[in-house]
file my_file-v7.cif (mmCIF, C-alpha atoms)
data_structure
loop_
_atom_site.label_atom_id
_atom_site.label_comp_id
_atom_site.auth_asym_id
_atom_site.auth_seq_id
_atom_site.Cartn_x
_atom_site.Cartn_y
_atom_site.Cartn_z
CA MET A 1 -2.90 -47.56 37.82
CA THR A 2 -3.01 -49.44 41.14
CA VAL A 3 -5.91 -49.01 43.59
CA LYS A 4 -3.56 -47.13 45.93
CA GLU A 5 -2.43 -44.75 43.18
CA ASN A 6 -6.04 -44.28 42.08
CA PHE A 7 -7.06 -43.39 45.63
CA PHE A 8 -4.18 -41.05 46.46
CA LYS A 9 -4.04 -39.17 43.16
CA GLY A 10 -6.87 -36.89 44.31
CA PHE A 11 -5.00 -35.88 47.45
CA ILE A 12 -2.23 -33.79 45.86
CA LYS A 13 -1.28 -34.81 42.29
CA GLU A 14 -4.77 -34.30 40.82
CA ASN A 15 -6.38 -32.40 43.69
CA PRO A 16 -9.67 -31.11 42.26
CA LEU A 17 -9.49 -27.73 43.99
CA LEU A 18 -5.78 -26.92 44.22
CA ILE A 19 -4.58 -28.43 40.93
CA SER A 20 -7.65 -28.58 38.65
CA VAL A 21 -9.18 -25.46 40.31
CA LEU A 22 -12.69 -26.98 40.24
CA GLY A 23 -15.45 -26.35 42.79
CA THR A 24 -14.06 -22.96 43.78
CA CYS A 25 -17.42 -21.25 44.51
CA PRO A 26 -18.26 -23.27 47.66
CA ALA A 27 -14.57 -23.38 48.55
CA LEU A 28 -14.51 -19.58 48.72
CA ALA A 29 -17.95 -19.11 50.26
CA ILE A 30 -18.22 -21.61 53.09
CA THR A 31 -14.64 -21.80 54.36
CA LYS A 32 -15.14 -19.57 57.38
CA SER A 33 -14.70 -22.44 59.82
CA ILE A 34 -13.32 -25.97 59.81
CA GLU A 35 -16.80 -27.19 60.82
CA ASN A 36 -18.28 -25.84 57.58
CA ALA A 37 -15.48 -27.43 55.57
CA ILE A 38 -16.03 -30.82 57.23
CA GLY A 39 -19.81 -30.60 56.63
CA MET A 40 -19.35 -29.63 53.01
CA GLY A 41 -16.70 -32.31 52.62
CA ILE A 42 -19.03 -35.02 53.95
CA ALA A 43 -21.78 -33.90 51.56
CA VAL A 44 -19.40 -33.84 48.58
CA PHE A 45 -17.95 -37.22 49.62
CA PHE A 46 -21.38 -38.85 49.68
CA VAL A 47 -22.49 -37.34 46.37
CA LEU A 48 -19.19 -37.96 44.57
CA VAL A 49 -18.76 -41.57 45.67
CA PHE A 50 -22.36 -42.53 44.92
CA SER A 51 -22.57 -40.58 41.67
CA ASN A 52 -19.38 -42.26 40.46
CA LEU A 53 -20.79 -45.65 41.49
CA LEU A 54 -24.16 -45.11 39.81
CA VAL A 55 -22.68 -43.62 36.64
CA SER A 56 -20.29 -46.55 36.45
CA LEU A 57 -23.12 -49.04 37.01
CA VAL A 58 -25.26 -47.62 34.20
CA THR A 59 -22.35 -47.57 31.77
CA VAL A 60 -20.48 -50.76 32.67
CA ASN A 61 -22.79 -53.10 30.74
CA PRO A 62 -22.17 -52.66 26.97
CA LYS A 63 -25.87 -53.12 26.08
CA ILE A 64 -27.10 -50.57 28.65
CA ARG A 65 -24.17 -48.28 27.85
CA GLU A 66 -25.20 -48.22 24.19
CA LYS A 67 -28.65 -46.94 25.20
CA VAL A 68 -27.43 -44.51 27.86
CA MET A 69 -24.54 -42.82 26.03
CA PRO A 70 -26.68 -40.70 23.65
CA VAL A 71 -28.44 -39.21 26.70
CA ARG A 72 -25.62 -39.51 29.21
CA ILE A 73 -25.58 -35.83 30.19
CA PRO A 74 -29.26 -35.78 31.34
CA VAL A 75 -28.73 -39.19 32.96
CA TYR A 76 -25.75 -37.91 34.95
CA ILE A 77 -27.67 -34.77 35.93
CA VAL A 78 -30.69 -36.78 37.16
CA LEU A 79 -28.47 -39.10 39.20
CA ILE A 80 -26.38 -36.29 40.72
CA ALA A 81 -29.42 -34.11 41.42
CA SER A 82 -31.21 -37.00 43.16
CA LEU A 83 -28.18 -37.69 45.35
CA VAL A 84 -27.85 -34.01 46.24
CA VAL A 85 -31.53 -33.80 47.21
CA ILE A 86 -31.08 -36.88 49.41
CA VAL A 87 -28.06 -35.23 51.11
CA GLU A 88 -30.05 -32.02 51.50
CA MET A 89 -33.01 -33.75 53.15
CA VAL A 90 -30.86 -35.85 55.47
CA MET A 91 -28.75 -32.84 56.46
CA GLU A 92 -31.83 -30.68 57.08
CA ALA A 93 -33.28 -33.39 59.30
CA PHE A 94 -30.24 -34.36 61.32
CA LEU A 95 -27.82 -31.39 61.06
CA PRO A 96 -30.15 -28.38 60.79
CA ASP A 97 -27.61 -25.83 62.04
CA LEU A 98 -24.98 -26.92 59.55
CA PHE A 99 -27.62 -27.07 56.82
CA GLU A 100 -28.50 -23.45 57.53
CA THR A 101 -24.86 -22.39 57.53
CA LEU A 102 -24.01 -24.12 54.25
CA GLY A 103 -27.24 -22.77 52.78
CA VAL A 104 -27.48 -22.61 49.03
CA PHE A 105 -24.13 -24.36 48.53
CA ILE A 106 -25.65 -27.76 49.30
CA PRO A 107 -28.15 -27.65 46.39
CA LEU A 108 -25.40 -26.13 44.26
CA ILE A 109 -23.38 -29.37 44.57
CA VAL A 110 -25.55 -30.45 41.60
CA VAL A 111 -23.59 -28.12 39.37
CA ASN A 112 -20.25 -28.64 41.11
CA CYS A 113 -17.74 -29.26 38.33
CA ILE A 114 -15.91 -31.90 40.37
CA ILE A 115 -18.93 -34.21 40.55
CA PHE A 116 -19.86 -33.88 36.91
CA GLY A 117 -16.23 -33.87 35.81
CA ARG A 118 -15.46 -37.18 37.51
CA ALA A 119 -18.66 -38.74 36.15
CA GLU A 120 -17.79 -37.70 32.60
CA ALA A 121 -14.01 -38.12 32.71
CA TYR A 122 -13.65 -41.21 34.88
CA ALA A 123 -16.72 -43.09 36.11
CA GLY A 124 -18.28 -43.41 32.63
CA ASP A 125 -15.28 -45.41 31.40
CA HIS A 126 -14.31 -47.42 34.48
CA LYS A 127 -15.58 -50.26 36.63
CA PRO A 128 -17.72 -49.53 39.72
CA LEU A 129 -15.04 -50.32 42.30
CA GLU A 130 -12.42 -48.19 40.55
CA SER A 131 -14.96 -45.36 40.31
CA ILE A 132 -15.74 -45.56 44.03
CA VAL A 133 -12.03 -45.39 44.88
CA ASP A 134 -11.56 -42.44 42.52
CA GLY A 135 -14.57 -40.63 43.98
CA ALA A 136 -13.44 -41.23 47.56
CA GLY A 137 -9.90 -40.01 46.83
CA MET A 138 -11.11 -36.91 45.03
CA ALA A 139 -13.65 -36.09 47.76
CA ILE A 140 -11.03 -36.47 50.50
CA GLY A 141 -8.62 -34.32 48.49
CA TYR A 142 -11.29 -31.64 48.08
CA THR A 143 -12.23 -31.80 51.76
CA GLY A 144 -8.59 -31.51 52.77
CA ALA A 145 -8.13 -28.49 50.52
CA ILE A 146 -11.15 -26.62 51.88
CA MET A 147 -10.10 -27.53 55.42
CA ILE A 148 -6.70 -25.92 54.83
CA ILE A 149 -8.37 -22.75 53.50
CA SER A 150 -10.79 -22.78 56.46
CA LEU A 151 -7.98 -23.26 58.95
CA ILE A 152 -6.05 -20.25 57.62
CA ARG A 153 -9.15 -18.05 57.40
CA GLU A 154 -10.53 -18.96 60.81
CA VAL A 155 -7.24 -18.74 62.69
CA PHE A 156 -6.28 -15.36 61.22
CA GLY A 157 -9.84 -14.02 61.00
CA ALA A 158 -11.33 -15.09 64.33
CA GLY A 159 -8.47 -16.59 66.33
CA THR A 160 -10.36 -19.87 66.76
CA ILE A 161 -10.52 -23.36 65.29
CA THR A 162 -14.10 -24.65 65.29
CA ILE A 163 -13.85 -28.39 64.77
CA TRP A 164 -17.52 -29.30 65.35
CA GLY A 165 -20.27 -27.63 67.37
CA ASN A 166 -18.84 -26.55 70.71
CA VAL A 167 -15.52 -28.30 70.14
CA LYS A 168 -13.52 -25.17 69.57
CA LEU A 169 -9.89 -24.18 70.14
CA ASP A 170 -9.41 -20.61 71.28
CA LEU A 171 -6.16 -19.18 69.94
CA THR A 172 -6.86 -15.53 70.73
CA PHE A 173 -3.94 -15.61 73.20
CA MET A 174 -1.66 -15.46 70.13
CA PHE A 175 -3.20 -12.17 69.12
CA ASP A 176 -3.08 -10.94 72.72
CA PHE A 177 0.62 -11.83 72.80
CA LEU A 178 1.22 -9.89 69.59
CA GLY A 179 -0.98 -7.05 70.81
CA ILE A 180 -3.21 -7.09 67.72
CA GLU A 181 -6.82 -8.00 66.92
CA PRO A 182 -7.80 -10.94 64.67
CA ILE A 183 -7.78 -9.84 61.02
CA ASP A 184 -11.46 -9.67 60.08
CA MET A 185 -10.60 -9.44 56.39
CA PHE A 186 -9.91 -13.18 56.34
CA LEU A 187 -13.55 -13.90 57.15
CA GLN A 188 -14.73 -11.65 54.31
CA PRO A 189 -14.94 -12.86 50.69
CA VAL A 190 -11.73 -11.00 49.89
CA GLY A 191 -9.93 -13.10 52.52
CA ALA A 192 -11.10 -16.26 50.77
CA PHE A 193 -9.71 -15.05 47.44
CA PHE A 194 -6.40 -14.04 49.04
CA THR A 195 -6.04 -17.36 50.87
CA LEU A 196 -6.83 -19.50 47.83
CA GLY A 197 -4.65 -17.27 45.66
CA PHE A 198 -1.64 -17.60 47.97
CA ILE A 199 -2.07 -21.37 48.22
CA LEU A 200 -2.29 -21.70 44.42
CA ALA A 201 0.76 -19.43 44.06
CA ALA A 202 2.71 -21.55 46.55
CA ILE A 203 1.80 -24.74 44.68
CA ALA A 204 2.78 -23.15 41.36
CA ALA A 205 6.09 -22.03 42.85
CA ILE A 206 6.83 -25.55 44.13
CA GLN A 207 5.92 -27.09 40.75
CA ASN A 208 8.04 -24.56 38.87
CA GLY A 209 10.94 -25.20 41.21
CA LYS A 210 10.69 -28.93 40.55
CA LYS A 211 10.55 -28.33 36.78
CA ASP A 212 13.61 -26.07 36.90
CA LYS A 213 15.49 -28.64 38.93
CA ALA A 214 14.56 -31.39 36.47
CA THR A 215 15.58 -29.21 33.50
CA LYS A 216 18.96 -28.44 35.08
CA GLU A 217 19.59 -32.12 35.77
CA VAL A 218 18.74 -33.00 32.15
CA SER A 219 21.01 -30.24 30.79
CA LYS A 220 23.89 -31.48 32.95
CA MET B 1 -37.21 -42.38 15.80
CA LYS B 2 -36.36 -45.64 17.52
CA GLN B 3 -33.25 -44.08 19.05
CA GLY B 4 -35.31 -41.17 20.37
CA LEU B 5 -37.84 -43.55 21.91
CA THR B 6 -35.10 -45.59 23.58
CA SER B 7 -33.49 -42.47 25.01
CA GLY B 8 -36.85 -41.28 26.33
CA LEU B 9 -37.48 -44.67 27.90
CA VAL B 10 -34.06 -44.68 29.57
CA LEU B 11 -34.74 -41.28 31.11
CA LEU B 12 -38.25 -42.30 32.13
CA ILE B 13 -37.04 -45.42 33.93
CA LEU B 14 -34.26 -43.48 35.62
CA GLY B 15 -36.68 -40.74 36.63
CA VAL B 16 -39.07 -43.28 38.17
CA ILE B 17 -36.28 -45.00 40.12
CA CYS B 18 -34.90 -41.68 41.39
CA GLY B 19 -38.42 -40.51 42.22
CA ILE B 20 -39.08 -43.60 44.33
CA ALA B 21 -35.73 -43.21 46.12
CA LEU B 22 -36.48 -39.55 46.87
CA SER B 23 -39.98 -40.41 48.08
CA VAL B 24 -38.59 -42.92 50.56
CA VAL B 25 -36.01 -40.47 51.91
CA ASN B 26 -38.63 -37.73 52.09
CA TYR B 27 -41.00 -40.07 53.95
CA LEU B 28 -38.28 -40.74 56.53
CA THR B 29 -36.97 -37.18 56.95
CA ALA B 30 -40.07 -34.98 56.52
CA PRO B 31 -41.45 -35.53 60.06
CA ILE B 32 -38.03 -34.75 61.59
CA ILE B 33 -37.65 -31.61 59.45
CA LEU B 34 -41.14 -30.46 60.47
CA GLN B 35 -40.32 -31.11 64.12
CA ASN B 36 -37.09 -29.07 63.80
CA GLU B 37 -38.92 -26.20 62.13
CA GLN B 38 -41.57 -26.12 64.83
CA ALA B 39 -39.00 -26.26 67.59
CA LYS B 40 -37.19 -23.32 66.01
CA LYS B 41 -40.42 -21.41 65.46
CA TYR B 42 -41.57 -21.88 69.00
CA ALA B 43 -38.14 -21.33 70.60
CA ALA B 44 -39.02 -17.67 71.24
CA LEU B 45 -42.21 -18.73 73.02
CA SER B 46 -40.29 -20.76 75.56
CA ASP B 47 -38.24 -17.61 76.34
CA LEU B 48 -41.48 -16.10 77.66
CA GLY B 49 -41.31 -18.56 80.54
CA ILE B 50 -44.30 -20.62 79.43
CA ASP B 51 -43.96 -24.40 79.79
CA LEU B 52 -44.78 -25.36 76.19
CA SER B 53 -45.02 -29.06 77.02
CA LEU B 54 -48.36 -28.34 78.73
CA TYR B 55 -49.92 -26.98 75.55
CA THR B 56 -50.74 -27.87 71.98
CA ILE B 57 -49.61 -24.98 69.80
CA THR B 58 -51.25 -23.81 66.62
CA ASP B 59 -50.52 -20.58 64.85
CA SER B 60 -52.19 -18.32 62.33
CA SER B 61 -51.34 -15.13 60.49
CA LEU B 62 -53.39 -12.02 61.11
CA SER B 63 -52.36 -8.64 59.78
CA GLU B 64 -49.28 -6.64 58.94
CA ASN B 65 -48.76 -5.51 62.53
CA ILE B 66 -49.87 -8.63 64.38
CA ASP B 67 -48.14 -11.04 62.05
CA THR B 68 -48.74 -14.25 64.01
CA VAL B 69 -51.03 -15.43 66.79
CA TYR B 70 -49.98 -18.57 68.63
CA LEU B 71 -52.90 -20.34 70.27
CA LEU B 72 -51.73 -22.45 73.21
CA THR B 73 -54.45 -24.96 73.98
CA PRO B 74 -53.87 -26.70 77.33
CA ASN B 75 -53.48 -30.45 77.32
CA ALA B 76 -55.29 -30.55 80.70
CA GLU B 77 -58.77 -29.01 80.63
CA THR B 78 -58.23 -27.26 83.95
CA ASP B 79 -55.56 -24.91 82.60
CA PRO B 80 -56.58 -21.73 80.77
CA SER B 81 -55.75 -21.28 77.11
CA ILE B 82 -53.23 -18.63 76.15
CA ARG B 83 -52.77 -16.54 73.04
CA VAL B 84 -49.33 -15.20 72.23
CA TYR B 85 -49.31 -12.30 69.80
CA SER B 86 -46.28 -11.50 67.69
CA VAL B 87 -46.68 -7.80 67.06
CA THR B 88 -44.44 -5.48 65.08
CA THR B 89 -44.31 -1.70 65.04
CA THR B 90 -41.90 1.17 64.49
CA GLY B 91 -40.00 2.74 67.36
CA PHE B 92 -36.98 4.94 66.88
CA SER B 93 -36.32 2.67 63.89
CA GLU B 94 -38.42 0.12 62.05
CA GLY B 95 -38.87 -3.49 63.08
CA LEU B 96 -39.61 -3.48 66.81
CA ASN B 97 -41.08 -6.94 67.34
CA MET B 98 -42.72 -8.11 70.58
CA LEU B 99 -44.33 -11.28 71.88
CA ILE B 100 -47.21 -10.62 74.26
CA ALA B 101 -48.92 -13.53 76.00
CA VAL B 102 -52.51 -13.02 77.13
CA ASP B 103 -54.74 -15.52 78.93
CA GLU B 104 -58.51 -16.08 78.59
CA ASN B 105 -59.21 -13.21 81.01
CA ARG B 106 -57.21 -10.86 78.76
CA THR B 107 -54.55 -10.64 81.47
CA VAL B 108 -51.01 -10.11 80.23
CA ILE B 109 -49.04 -13.02 81.62
CA ALA B 110 -45.72 -12.34 79.89
CA TYR B 111 -44.12 -10.18 77.25
CA MET B 112 -40.74 -9.67 75.66
CA VAL B 113 -39.11 -7.68 72.88
CA VAL B 114 -37.83 -10.22 70.36
CA SER B 115 -35.98 -7.86 68.03
CA HIS B 116 -35.52 -4.13 67.58
CA GLN B 117 -33.34 -1.51 65.93
CA GLU B 118 -33.46 1.08 68.74
CA SER B 119 -30.48 3.34 69.26
CA ALA B 120 -27.76 2.14 71.62
CA GLY B 121 -27.56 3.85 74.97
CA TYR B 122 -31.18 5.02 75.15
CA GLY B 123 -33.83 2.92 73.44
CA LYS B 124 -31.74 -0.24 73.55
CA ASP B 125 -31.03 0.07 77.28
CA THR B 126 -34.69 0.80 77.98
CA ILE B 127 -35.79 -2.33 76.15
CA GLU B 128 -33.18 -4.52 77.77
CA THR B 129 -33.37 -3.28 81.34
CA HIS B 130 -36.60 -1.40 81.99
CA ASP B 131 -39.70 -3.13 83.42
CA PHE B 132 -42.80 -1.70 81.76
CA ASN B 133 -44.92 -3.20 84.54
CA MET B 134 -47.49 -4.75 82.24
CA VAL B 135 -47.55 -8.29 83.65
CA GLY B 136 -50.91 -8.65 85.34
CA ALA B 137 -52.56 -5.82 83.42
CA VAL B 138 -56.04 -6.70 82.16
CA LEU B 139 -56.35 -5.51 78.57
CA PRO B 140 -57.52 -3.15 77.17
CA ASP B 141 -56.53 -1.26 80.34
CA THR B 142 -52.93 -0.17 79.85
CA SER B 143 -52.86 2.36 82.67
CA LEU B 144 -50.29 0.24 84.54
CA PHE B 145 -47.76 0.87 81.76
CA GLU B 146 -44.64 2.57 83.08
CA ALA B 147 -42.70 4.52 80.50
CA LYS B 148 -39.10 5.59 81.03
CA ALA B 149 -38.26 9.27 80.88
CA GLY B 150 -36.12 10.32 77.93
CA THR B 151 -37.08 7.44 75.68
CA SER B 152 -40.60 8.42 74.77
CA VAL B 153 -40.43 7.17 71.15
CA THR B 154 -39.37 3.67 72.18
CA CYS B 155 -41.86 3.56 75.07
CA ASP B 156 -44.68 4.79 72.82
CA ALA B 157 -43.87 2.00 70.37
CA ILE B 158 -44.01 -0.60 73.16
CA LEU B 159 -47.30 0.85 74.40
CA LEU B 160 -48.66 0.79 70.85
CA CYS B 161 -47.89 -2.93 70.72
CA PHE B 162 -49.96 -3.47 73.87
CA ASP B 163 -52.78 -1.33 72.45
CA MET B 164 -52.87 -3.34 69.22
CA VAL B 165 -52.86 -6.59 71.17
CA ALA B 166 -55.62 -5.21 73.43
CA ILE B 167 -57.91 -4.68 70.43
CA GLN B 168 -57.13 -8.11 69.00
CA ALA B 169 -57.44 -9.88 72.37
CA THR B 170 -60.85 -8.29 72.90
CA LEU B 171 -61.94 -9.62 69.52
CA ASP B 172 -60.50 -13.05 70.24
CA PHE B 173 -61.60 -13.53 73.83
CA GLY B 174 -64.62 -11.19 73.89
CA GLY B 175 -65.30 -8.42 76.42
CA ASP B 176 -65.53 -4.64 76.50
CA ASN B 177 -63.13 -2.64 74.42
#

call {"tool": "encode", "arguments": {"input": "my_file-v7.cif", "output": "structure tokens"}}
result
Amino acid sequence: MTVKENFFKGFIKENPLLISVLGTCPALAITKSIENAIGMGIAVFFVLVFSNLLVSLVTVNPKIREKVMPVRIPVYIVLIASLVVIVEMVMEAFLPDLFETLGVFIPLIVVNCIIFGRAEAYAGDHKPLESIVDGAGMAIGYTGAIMIISLIREVFGAGTITIWGNVKLDLTFMFDFLGIEPIDMFLQPVGAFFTLGFILAAIAAIQNGKKDKATKEVSK
Amino acid sequence: MKQGLTSGLVLLILGVICGIALSVVNYLTAPIILQNEQAKKYAALSDLGIDLSLYTITDSSLSENIDTVYLLTPNAETDPSIRVYSVTTTGFSEGLNMLIAVDENRTVIAYMVVSHQESAGYGKDTIETHDFNMVGAVLPDTSLFEAKAGTSVTCDAILLCFDMVAIQATLDFGGDN
């Protein structure tokens, strides 16, 4: 696999949220605004890239690997937990509002399946640089996915797009034009489930369509 | 046995390295976090119209009703010290919280309702628009208090806040009760 393929596979082909359906709890809980999604994405990016790097570093040397492998699960947990605590402290110091909004979902990155999954499935068997590229691609793919969910929920639920702080697009004129109110349901948990469900259904439909097309071509 | 020892050693070394890294980050971020927390905590005080930059603020917990007392010690000796009482009582609903600032002479210099659950239209409007005329009152004298007709429960709750602060201010600053 080339570096480019390794990087881009997390965007669509192996997207952790939309294809592997990992890390759904924060994706459903915090996607009320694009700002939240960007903040969560930055946190996941930092933790995923560095956890992949550190896991790769402690397993790349055969002698160290031999000693680490019997206790690799606690080792991964210690590394990931330390990185998450660092993110938590930095975010609380420099982005206190966002830290408050994301709340418990920042510490819960420790048990995010994406982080642990990439450490176990990829970084433990690959070189540091490859692991960094994989982590970056996966994190960007995850961030993109939660940004799409946020965009749909915020536009339909509040009629706004909050990019960061006061940088906000007001789209309520669309609702005024249609003579309806923003649909509050999209900002509720049920809206998150509906949005993710429809996106997953759309992806499944596209994949099935491609499979059918390929099957027809083979049968011809 | 040897394998177990090696595994323990690996985890110990890793734990020490991670511990040091976390200590460094904590050393760098802890003062900023504390500063943010204080700024947030004291944000309500600045809404009282007091220039907080002139004072050193310390706070302490008191009782269930007067949950916090903020002691504003002036940076310049010529200025009087101020105590701001965060007092909570029950009006039409529970959780009516006020900040009442009192100077060394037990004179009310400012007050505000921070949060409440009063009913819309009556209690809520009274709290948001009515002047209870207590600025300048020397506690424990609350005879200046002006209630609003038709909202006696809310006004009684506000007056009770002043009465509780009057007792505490007398204890804190001295004087006749």

call {"tool": "residues_near_point", "arguments": {"input": "my_file-v7.cif", "point": "(-36.9, 8.0, 80.8)", "cutoff": "12 Å", "atoms": "all atoms listed in the file", "output": "count of residues only"}}
result
21

call {"tool": "residues_around", "arguments": {"input": "my_file-v7.cif", "residues": "stretch 142-153 of chain A", "least_positions_apart": "4", "cutoff": "8 Å", "atoms": "all atoms listed in the file", "output": "PyMOL selection string"}}
result
chain A and resi 10-11+15-18+27+31-34+37-38+40-42+138+157-158+161+186-187+191-192+195-196

call {"tool": "closest_residue", "arguments": {"input": "my_file-v7.cif", "among": "A:Ala119, A:Met89, A:Ile109, A:Val3", "to": "B:Tyr27", "atoms": "only C-alpha atoms"}}
result
A:Met89

call {"tool": "resolve_selection", "arguments": {"input": "my_file-v7.cif", "expression": "the PyMOL selection byres ((chain A) within 7 of (chain B))", "output": "ChimeraX atom specification"}}
result
/A:67-68,71,75,82,86,89-90,92-93

call {"tool": "closest_residue", "arguments": {"input": "my_file-v7.cif", "among": "B:Met112, B:Thr90, B:Asn105, B:Glu77", "to": "B:Gly49", "atoms": "all atoms listed in the file"}}
result
B:Met112

call {"tool": "residues_around", "arguments": {"input": "my_file-v7.cif", "residues": "A:Val47", "least_positions_apart": "5", "cutoff": "7 Å", "atoms": "all atoms listed in the file", "output": "PDB file with C-alpha atoms, in the frame of the given file"}}
result
ATOM      1  CA  ILE A  80     -26.380 -36.290  40.720  1.00  0.00           C
ATOM      2  CA  LEU A  83     -28.180 -37.690  45.350  1.00  0.00           C
ATOM      3  CA  VAL A  84     -27.850 -34.010  46.240  1.00  0.00           C
TER       4      VAL A  84
END

call {"tool": "closest_residue", "arguments": {"input": "my_file-v7.cif", "among": "B:Leu139, B:Ala120, B:Ile57, B:Ala44", "to": "B:Ile167", "atoms": "all atoms listed in the file"}}
result
B:Leu139

call {"tool": "resolve_selection", "arguments": {"input": "my_file-v7.cif", "expression": "the PyMOL selection byres ((chain B and resi 134) around 7)", "output": "list in words"}}
result
Val108, Phe132, Asn133, Val135, Gly136, Ala137, Leu144 and Phe145 of chain B

call {"tool": "atom_distance", "arguments": {"input": "my_file-v7.cif", "atom1": "atom CA of A:Val133", "atom2": "atom CA of A:Val44"}}
result
14.2 Å

call {"tool": "resolve_selection", "arguments": {"input": "my_file-v7.cif", "expression": "the PyMOL selection byres ((chain A and resi 52-58) around 7)", "output": "ChimeraX atom specification"}}
result
/A:48-51,59-61,64-65,76,119,123-124,126-128,131-132,135

call {"tool": "write_last_selection", "arguments": {"input": "my_file-v7.cif", "atoms": "C-alpha atoms", "output": "PDB file, keeping the file's coordinate frame"}}
result
ATOM      1  CA  LEU A  48     -19.190 -37.960  44.570  1.00  0.00           C
ATOM      2  CA  VAL A  49     -18.760 -41.570  45.670  1.00  0.00           C
ATOM      3  CA  PHE A  50     -22.360 -42.530  44.920  1.00  0.00           C
ATOM      4  CA  SER A  51     -22.570 -40.580  41.670  1.00  0.00           C
ATOM      5  CA  THR A  59     -22.350 -47.570  31.770  1.00  0.00           C
ATOM      6  CA  VAL A  60     -20.480 -50.760  32.670  1.00  0.00           C
ATOM      7  CA  ASN A  61     -22.790 -53.100  30.740  1.00  0.00           C
ATOM      8  CA  ILE A  64     -27.100 -50.570  28.650  1.00  0.00           C
ATOM      9  CA  ARG A  65     -24.170 -48.280  27.850  1.00  0.00           C
ATOM     10  CA  TYR A  76     -25.750 -37.910  34.950  1.00  0.00           C
ATOM     11  CA  ALA A 119     -18.660 -38.740  36.150  1.00  0.00           C
ATOM     12  CA  ALA A 123     -16.720 -43.090  36.110  1.00  0.00           C
ATOM     13  CA  GLY A 124     -18.280 -43.410  32.630  1.00  0.00           C
ATOM     14  CA  HIS A 126     -14.310 -47.420  34.480  1.00  0.00           C
ATOM     15  CA  LYS A 127     -15.580 -50.260  36.630  1.00  0.00           C
ATOM     16  CA  PRO A 128     -17.720 -49.530  39.720  1.00  0.00           C
ATOM     17  CA  SER A 131     -14.960 -45.360  40.310  1.00  0.00           C
ATOM     18  CA  ILE A 132     -15.740 -45.560  44.030  1.00  0.00           C
ATOM     19  CA  GLY A 135     -14.570 -40.630  43.980  1.00  0.00           C
TER      20      GLY A 135
END

call {"tool": "atom_distance", "arguments": {"input": "my_file-v7.cif", "atom1": "atom CA of B:Val84", "atom2": "atom CA of B:Thr142"}}
result
17.2 Å

call {"tool": "residues_around", "arguments": {"input": "my_file-v7.cif", "residues": "A:Cys25", "least_positions_apart": "5", "cutoff": "10 Å", "atoms": "only C-alpha atoms", "output": "list in words"}}
result
Ile30, Phe105, Leu108 and Asn112 of chain A
